[in-house]
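S.K.: Take a look at work_29.csv, CSV, C-alpha atoms:
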```csv
chain,number,residue,atom,x,y,z
A,1,MET,CA,0.0,0.0,0.0
A,2,GLU,CA,1.3,3.4,-0.9
A,3,GLY,CA,0.4,7.0,-0.2
A,4,ARG,CA,1.0,10.1,-2.2
A,5,VAL,CA,2.2,13.4,-0.7
A,6,ALA,CA,3.3,16.3,-2.8
A,7,ASN,CA,3.5,14.1,-5.9
A,8,LYS,CA,5.8,11.7,-4.2
A,9,GLU,CA,4.8,8.2,-3.4
A,10,TYR,CA,5.6,6.8,0.1
A,11,LYS,CA,5.3,3.2,1.3
A,12,ILE,CA,3.8,1.9,4.5
A,13,ALA,CA,6.0,-0.5,6.4
A,14,VAL,CA,4.7,-2.9,9.1
A,15,ILE,CA,6.8,-4.6,11.7
A,16,GLY,CA,5.3,-7.2,14.0
A,17,SER,CA,4.2,-10.8,14.4
A,18,ARG,CA,3.7,-13.2,11.6
A,19,LEU,CA,0.0,-12.8,11.8
A,20,LEU,CA,0.2,-9.0,11.5
A,21,ALA,CA,2.7,-9.3,8.6
A,22,ILE,CA,0.3,-11.6,6.7
A,23,GLY,CA,-2.7,-9.4,7.4
A,24,SER,CA,-0.9,-6.3,6.2
A,25,LYS,CA,0.2,-8.0,3.1
A,26,LEU,CA,-3.3,-9.1,2.4
A,27,SER,CA,-4.4,-5.4,2.7
A,28,GLY,CA,-1.7,-4.3,0.1
A,29,VAL,CA,1.3,-3.4,2.3
A,30,THR,CA,4.4,-4.5,0.4
A,31,GLU,CA,6.9,-3.7,3.2
A,32,SER,CA,5.9,-6.1,5.9
A,33,TYR,CA,8.4,-7.7,8.4
A,34,THR,CA,8.2,-10.4,11.0
A,35,VAL,CA,10.6,-9.8,13.9
A,36,THR,CA,10.7,-11.0,17.5
A,37,GLU,CA,14.1,-10.1,19.0
A,38,GLN,CA,15.3,-6.7,20.3
A,39,GLU,CA,18.5,-6.5,18.1
A,40,GLU,CA,16.5,-7.5,15.0
A,41,THR,CA,13.8,-4.8,15.7
A,42,GLU,CA,16.4,-2.1,16.3
A,43,SER,CA,18.3,-2.9,13.2
A,44,LEU,CA,15.2,-2.9,11.0
A,45,LEU,CA,13.9,0.3,12.5
A,46,ARG,CA,17.2,2.1,11.8
A,47,GLU,CA,17.1,0.8,8.2
A,48,LEU,CA,13.5,1.9,7.6
A,49,LEU,CA,14.2,5.4,9.2
A,50,GLN,CA,16.9,5.9,6.6
A,51,LYS,CA,14.7,5.0,3.6
A,52,SER,CA,13.4,8.0,1.7
A,53,ASP,CA,10.5,6.1,0.3
A,54,VAL,CA,8.9,5.0,3.6
A,55,GLY,CA,6.2,7.4,4.9
A,56,ILE,CA,4.6,5.4,7.7
A,57,ILE,CA,6.0,2.7,9.9
A,58,VAL,CA,3.5,0.6,11.9
A,59,ILE,CA,5.1,-1.4,14.7
A,60,THR,CA,3.6,-3.4,17.6
A,61,GLN,CA,3.7,-2.0,21.1
A,62,SER,CA,5.4,-5.2,22.4
A,63,LEU,CA,8.3,-4.6,20.0
A,64,ILE,CA,8.6,-0.9,21.0
A,65,LYS,CA,8.9,-2.1,24.6
A,66,LYS,CA,11.9,-4.3,23.7
A,67,ILE,CA,14.0,-1.4,22.3
A,68,ARG,CA,16.8,-0.4,24.6
A,69,ASP,CA,18.7,2.1,22.3
A,70,ARG,CA,17.9,5.6,23.7
A,71,LYS,CA,18.7,7.4,20.5
A,72,LEU,CA,16.4,5.1,18.6
A,73,LEU,CA,13.6,5.6,21.1
A,74,TYR,CA,14.1,9.4,20.8
A,75,ALA,CA,13.9,9.1,17.0
A,76,ILE,CA,10.7,7.0,17.2
A,77,ASP,CA,9.1,9.6,19.5
A,78,ASN,CA,10.1,12.5,17.4
A,79,SER,CA,10.0,11.3,13.8
A,80,LEU,CA,7.6,13.1,11.5
A,81,MET,CA,8.8,11.4,8.3
A,82,PRO,CA,8.4,8.6,8.4
A,83,LEU,CA,5.5,8.7,10.9
A,84,ILE,CA,5.8,5.9,13.4
A,85,ILE,CA,2.6,4.4,14.8
A,86,ASP,CA,2.5,1.8,17.5
A,87,VAL,CA,-0.4,-0.6,17.6
A,88,ALA,CA,-1.4,-3.6,19.7
A,89,ASP,CA,-0.7,-6.9,18.0
A,90,PHE,CA,-3.3,-9.6,17.7
A,91,ASN,CA,-4.2,-11.1,21.1
A,92,GLU,CA,-2.5,-8.2,22.8
A,93,PRO,CA,-4.5,-5.6,24.9
A,94,GLN,CA,-4.5,-2.1,23.5
A,95,GLN,CA,-2.6,0.2,25.7
A,96,GLU,CA,-4.3,3.4,26.9
A,97,THR,CA,-2.5,5.9,24.6
A,98,ASP,CA,-4.0,8.8,22.8
A,99,VAL,CA,-2.5,8.3,19.4
A,100,LEU,CA,-4.1,11.2,17.8
A,101,ARG,CA,-3.0,13.6,20.6
A,102,LYS,CA,0.6,12.3,20.2
A,103,MET,CA,0.5,12.8,16.4
A,104,ILE,CA,-0.8,16.4,16.8
A,105,LEU,CA,1.8,17.2,19.4
A,106,ARG,CA,4.6,15.8,17.2
A,107,ALA,CA,3.4,17.5,14.0
A,108,VAL,CA,2.3,20.9,15.3
A,109,GLY,CA,3.9,21.2,18.8
A,110,ILE,CA,0.6,21.9,20.5
A,111,ASP,CA,-0.8,19.6,23.3
A,112,ILE,CA,-4.6,19.5,22.7
A,113,ASN,CA,-5.2,18.4,26.3
A,114,ARG,CA,-3.7,21.6,27.7
A,115,MET,CA,-5.7,23.8,25.4
A,116,SER,CA,-9.0,22.8,26.9
A,117,LYS,CA,-7.9,23.7,30.5
```
As a first step, turn the structure in this file into structure tokens.
M.R.:
Amino acid sequence: MEGRVANKEYKIAVIGSRLLAIGSKLSGVTESYTVTEQEETESLLRELLQKSDVGIIVITQSLIKKIRDRKLLYAIDNSLMPLIIDVADFNEPQQETDVLRKMILRAVGIDINRMSK
């Protein structure tokens, strides 16, 4: 699956379990990876962050928790391009995170929760 921004096409990459990888391939995602180990996850994320044709990286929350490299965690939290979205894997409870709020804060620099107070 690809998206188009300013006449440039960007790919969506998915990193997660085998089931998530298969499901994403069925939906049209061409960059789908199955990983389980910390080193493998960190290496793949570094590689995808360097690719100029990847616009969105979807990664499971359980894999994000395994990452120990502080610089990589900082890059994940602050990356606008590619945008990194963490999701619950199949059979994994969804964490209570406000994904939209985090994206707005990252993109615009405004915390929408503080605006309403």
S.K.: Go through A:Ala21, A:Leu49, A:Leu26, A:Ile67 and flag the residue nearest A:Met81, using all atoms listed in the file for the distances.
M.R.: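 Of A:Ala21, A:Leu49, A:Leu26, A:Ile67, the one nearest A:Met81, counting all atoms listed in the file, is A:Leu49.
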S.K.: State, in Å with one decimal place, the distance from atom CA of A:Ser52 to atom CA of A:Ile85.
M.R.: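 Separation of atom CA of A:Ser52 and atom CA of A:Ile85: 17.4 Å.
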S.K.: Determine the nearest neighbour of A:Leu63 from the options A:Glu9, A:Asp77, A:Glu31, A:Asp86, counting all atoms listed in the file.
M.R.: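 Going through A:Glu9, A:Asp77, A:Glu31, A:Asp86 one by one, the smallest distance to A:Leu63 is for A:Asp86.
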S.K.: Just give me the residues with any atom within 6 Å of (14.3, 1.7, 18.3), file coordinates, counting all atoms listed in the file, written as a list in words.
M.R.: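 Collected hits near the coordinates: Glu42, Leu45, Ile67, Asp69, Leu72 and Leu73 of chain A.
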S.K.: Kindly indicate which residue among A:Lys71, A:Thr41, A:Ser27, A:Ser79 lies nearest to A:Ile59, using only C-alpha atoms for the distances.
M.R.: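 Closest to A:Ile59 of all the choices is A:Thr41.
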S.K.: Within 7 Å of A:Val35, counting only C-alpha atoms, which residues show up once you throw out same-chain ones fewer than 4 positions away? Write them as a list in words, please.
M.R.: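 These residues fall inside the cut-off: Ile15, Gly16, Ser17, Glu40 and Thr41 of chain A.
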S.K.: Which residues come within 12 Å of A:Lys11, counting all atoms listed in the file, excluding same-chain residues fewer than 2 positions away, as a ChimeraX atom specification?
M.R.: /A:1-5,8-9,13-14,28-32,48,51-58,81-83
S.K.: If you keep C-alpha atoms, can you produce a file of those selected residues as a compact mmCIF listing (two decimals), keeping the file's coordinate frame?
M.R.:
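Saved to again_1.txt:
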```
# COMPACT_ATOMS: atom_id res chain seq x y z
CA MET A 1 0.00 0.00 0.00
CA GLU A 2 1.30 3.40 -0.90
CA GLY A 3 0.40 7.00 -0.20
CA ARG A 4 1.00 10.10 -2.20
CA VAL A 5 2.20 13.40 -0.70
CA LYS A 8 5.80 11.70 -4.20
CA GLU A 9 4.80 8.20 -3.40
CA ALA A 13 6.00 -0.50 6.40
CA VAL A 14 4.70 -2.90 9.10
CA GLY A 28 -1.70 -4.30 0.10
CA VAL A 29 1.30 -3.40 2.30
CA THR A 30 4.40 -4.50 0.40
CA GLU A 31 6.90 -3.70 3.20
CA SER A 32 5.90 -6.10 5.90
CA LEU A 48 13.50 1.90 7.60
CA LYS A 51 14.70 5.00 3.60
CA SER A 52 13.40 8.00 1.70
CA ASP A 53 10.50 6.10 0.30
CA VAL A 54 8.90 5.00 3.60
CA GLY A 55 6.20 7.40 4.90
CA ILE A 56 4.60 5.40 7.70
CA ILE A 57 6.00 2.70 9.90
CA VAL A 58 3.50 0.60 11.90
CA MET A 81 8.80 11.40 8.30
CA PRO A 82 8.40 8.60 8.40
CA LEU A 83 5.50 8.70 10.90
```
S.K.: Quick one: pull the distance between atom CA of A:Thr34 and atom CA of A:Arg18, Å, one decimal.
M.R.: 5.3 Å
S.K.: Residues within 8 Å of A:Lys66, please, as a PDB file with C-alpha atoms, in the coordinates of the input. Count all atoms listed in the file; anything in the same chain fewer than 2 positions from it doesn't count.
M.R.:
```pdb
ATOM      1  CA  GLU A  37      14.100 -10.100  19.000  1.00  0.00           C
ATOM      2  CA  GLN A  38      15.300  -6.700  20.300  1.00  0.00           C
ATOM      3  CA  SER A  62       5.400  -5.200  22.400  1.00  0.00           C
ATOM      4  CA  LEU A  63       8.300  -4.600  20.000  1.00  0.00           C
ATOM      5  CA  ILE A  64       8.600  -0.900  21.000  1.00  0.00           C
ATOM      6  CA  ARG A  68      16.800  -0.400  24.600  1.00  0.00           C
TER       7      ARG A  68
END
```
S.K.: So which one's closest to A:Thr36, A:Asn78, A:Arg70, A:Gln61, A:Ile12? Using only C-alpha atoms, please.
M.R.: A:Gln61
S.K.: Could you state the separation of atom CA of A:Asp89 and atom CA of A:Leu19 in Å, given to one decimal place?
M.R.: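 Distance reported for this atom pair: 8.6 Å.
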S.K.: Mind working out the centre and edge lengths of an axis-aligned box for stretch 74-93 of chain A, all listed atoms inside, 8 Å added to each side, rounded to one decimal in Å and written as JSON?
M.R.:
```
{"center_x": 4.8, "center_y": 1.0, "center_z": 16.6, "size_x": 34.6, "size_y": 40.2, "size_z": 32.6}
```
